[in-house]
Amino acid sequence: GTTTTTTGALKAALDPEKFGIAVCGGKGRVALRTPEEIRKIPFDVDHEELVRASRMSAKVDNSCVQDGYSLYHHTIFISREGDWAIVQQGMNERYARRYHWLSERVESFVETPHSGISSERIEEKVLDVTSKENEPVRKASLDAVRELPSFLRETRKLRMPENHILREFDLSESSKRVLQKVYELQPSSYEELVEFRGVGAKTIRALALISSLIYGEEISWKDPARYSYAHGGKDGTPYPVDKRNMERSIEILRKAIEESRAGNKEKMRALKRLSDFTLRLEHD
């Protein structure tokens, strides 16, 4: 719960006019109000482009990174200059993982857009169509949509065993109707394809699987997550105490407080709280 608690506290505490940073979004239904909140921030920025960044990050992590984790938290931090950072969190039956985005690192929403993905475990099989390894799969999927009539004819020729993976992710009639609309649009990029309303996880997966089979492109199933939580697990079982790592984290927090723009009184209070926390750790 530290992600939702921390971002919620920052949203409540940061006055955009005073600090030059706006925080929008949150957990559950609050996240659905993110576009409305973005449009209300008092900065001279391209609000609609920020709404698009918020929407695309959520769609990518829900549909393009198919790791079995469903998003339930979405927060976007926006600076007065229009730079942004997005923190999203998803859960499966037991574990959580966090997705990080930084505007300065995002050249494309569908090609390695994350600054990091934090997870308690690495999954054995993940369809991440945003990975560099899956660039040929993205191209094959885009080609399939651009040449939809021919692509659908080819899919009808496929004869798969009952237990084949493509059986589960066959293109439904509703997906075909959506793809027909996309075909008429003739998207110029995979990002444009993903952004199209109605193109979701099942359609993206079916396109990737079937087009890779037809065009002969191998799919990478590598989990993009790299870093686990520093001090404990979401399942309520703490990791063994890594004192060196804990001390390093405390030092990072101390430096952040000392270098912040907060007033001297606020700094002293924050440093005292950190000192008290450190003493409790040493006592325990």
# chains A, B, ... in the order shown; residues from 1 in each chain; ligands from 1
$ residues_around --residues "range 100-112 of chain A" --least-positions-apart "4" --cutoff "8 Å" --atoms "only C-alpha atoms" --output "JSON, numbers by chain"
{"A": [56, 57, 60, 64, 83, 84, 85, 86, 87, 88, 116, 117, 129, 130, 131, 132, 135, 190, 191]}
$ select_by_dssp --residues "range 107-228 of chain A" --states "helix (DSSP H, G or I)" --output "ChimeraX atom specification"
/A:132-146,148-157,165-168,173-185,190-195,201-215
$ write_last_selection --atoms "C-alpha atoms" --output "short mmCIF file (atom, residue, chain, number, x, y, z; two decimals), in the first residue's frame"
data_model
loop_
_atom_site.label_atom_id
_atom_site.label_comp_id
_atom_site.auth_asym_id
_atom_site.auth_seq_id
_atom_site.Cartn_x
_atom_site.Cartn_y
_atom_site.Cartn_z
CA LYS A 132 12.96 -4.36 -28.79
CA GLU A 133 12.99 -8.10 -29.39
CA ASN A 134 9.35 -7.94 -30.50
CA GLU A 135 9.81 -5.12 -33.01
CA PRO A 136 9.35 -7.62 -35.90
CA VAL A 137 6.11 -8.79 -34.25
CA ARG A 138 4.83 -5.21 -34.08
CA LYS A 139 5.67 -4.74 -37.74
CA ALA A 140 3.99 -8.02 -38.68
CA SER A 141 0.87 -7.05 -36.72
CA LEU A 142 0.73 -3.67 -38.44
CA ASP A 143 1.20 -5.29 -41.85
CA ALA A 144 -1.59 -7.73 -41.01
CA VAL A 145 -4.02 -4.90 -40.28
CA ARG A 146 -3.00 -2.92 -43.35
CA LEU A 148 -6.58 -7.24 -43.48
CA PRO A 149 -8.57 -9.05 -46.22
CA SER A 150 -5.52 -11.07 -47.21
CA PHE A 151 -4.60 -11.64 -43.56
CA LEU A 152 -8.07 -12.97 -42.70
CA ARG A 153 -7.96 -15.31 -45.69
CA GLU A 154 -4.66 -16.69 -44.41
CA THR A 155 -6.03 -17.19 -40.90
CA ARG A 156 -8.89 -19.26 -42.29
CA LYS A 157 -6.34 -21.61 -43.83
CA ILE A 165 -2.43 -21.52 -28.00
CA LEU A 166 -4.06 -19.81 -31.00
CA ARG A 167 -7.37 -21.47 -30.20
CA GLU A 168 -7.63 -19.47 -27.00
CA GLU A 173 -16.14 -11.33 -34.55
CA SER A 174 -16.09 -8.10 -32.52
CA SER A 175 -12.30 -7.92 -32.92
CA LYS A 176 -12.67 -8.39 -36.66
CA ARG A 177 -15.19 -5.53 -36.81
CA VAL A 178 -12.78 -3.27 -34.93
CA LEU A 179 -9.90 -4.30 -37.19
CA GLN A 180 -12.03 -3.57 -40.24
CA LYS A 181 -12.38 0.01 -39.01
CA VAL A 182 -8.64 0.18 -38.35
CA TYR A 183 -7.98 -1.23 -41.83
CA GLU A 184 -10.10 1.53 -43.37
CA LEU A 185 -8.03 4.05 -41.42
CA TYR A 190 1.84 0.38 -34.48
CA GLU A 191 1.25 3.13 -31.92
CA GLU A 192 -1.66 4.40 -33.98
CA LEU A 193 -3.02 0.84 -34.14
CA VAL A 194 -2.82 0.41 -30.35
CA GLU A 195 -4.41 3.81 -29.74
CA ALA A 201 -5.38 -6.98 -25.03
CA LYS A 202 -7.07 -9.93 -26.76
CA THR A 203 -6.88 -8.31 -30.20
CA ILE A 204 -3.23 -7.33 -29.70
CA ARG A 205 -2.36 -10.84 -28.53
CA ALA A 206 -4.23 -12.54 -31.36
CA LEU A 207 -2.59 -10.27 -33.93
CA ALA A 208 0.86 -10.96 -32.48
CA LEU A 209 0.39 -14.73 -32.35
CA ILE A 210 -1.30 -15.23 -35.70
CA SER A 211 0.80 -12.74 -37.67
CA SER A 212 4.00 -14.17 -36.21
CA LEU A 213 2.89 -17.57 -37.45
CA ILE A 214 1.95 -16.32 -40.92
CA TYR A 215 4.97 -14.04 -41.36
#
$ closest_residue --among "A:Val30, A:Leu127, A:Ala96, A:Ile38" --to "Pro224 in chain A" --atoms "only C-alpha atoms"
A:Leu127
$ closest_residue --among "A:Ala53, A:Leu32, A:Ala9, A:Ala225" --to "Ile76 in chain A" --atoms "only C-alpha atoms"
A:Ala53
$ residues_around --residues "Thr4 in chain A" --least-positions-apart "5" --cutoff "8 Å" --atoms "only C-alpha atoms" --output "ChimeraX atom specification"
/A:26-27,73
$ closest_residue --among "A:Lys59, A:Ala13, A:Trp221, A:Glu36" --to "Phe196 in chain A" --atoms "only C-alpha atoms"
A:Lys59
$ closest_residue --among "A:Arg226, A:Arg248, A:Arg197, A:Lys11" --to "Ile122 in chain A" --atoms "only C-alpha atoms"
A:Arg226
$ select_by_dssp --residues "range 44-216 of chain A" --states "strand (DSSP E or B)" --output "ChimeraX atom specification"
/A:65-66,70-79,84-91,96-102,116-119,127-128
$ closest_residue --among "A:Arg29, A:Gly68, A:Gly200, A:Glu48" --to "Glu124 in chain A" --atoms "only C-alpha atoms"
A:Gly68
$ atom_distance --atom1 "CA of Asp128 in chain A" --atom2 "CA of Pro35 in chain A"
25.9 Å
$ atom_distance --atom1 "CA of Gly82 in chain A" --atom2 "CA of Pro113 in chain A"
17.8 Å
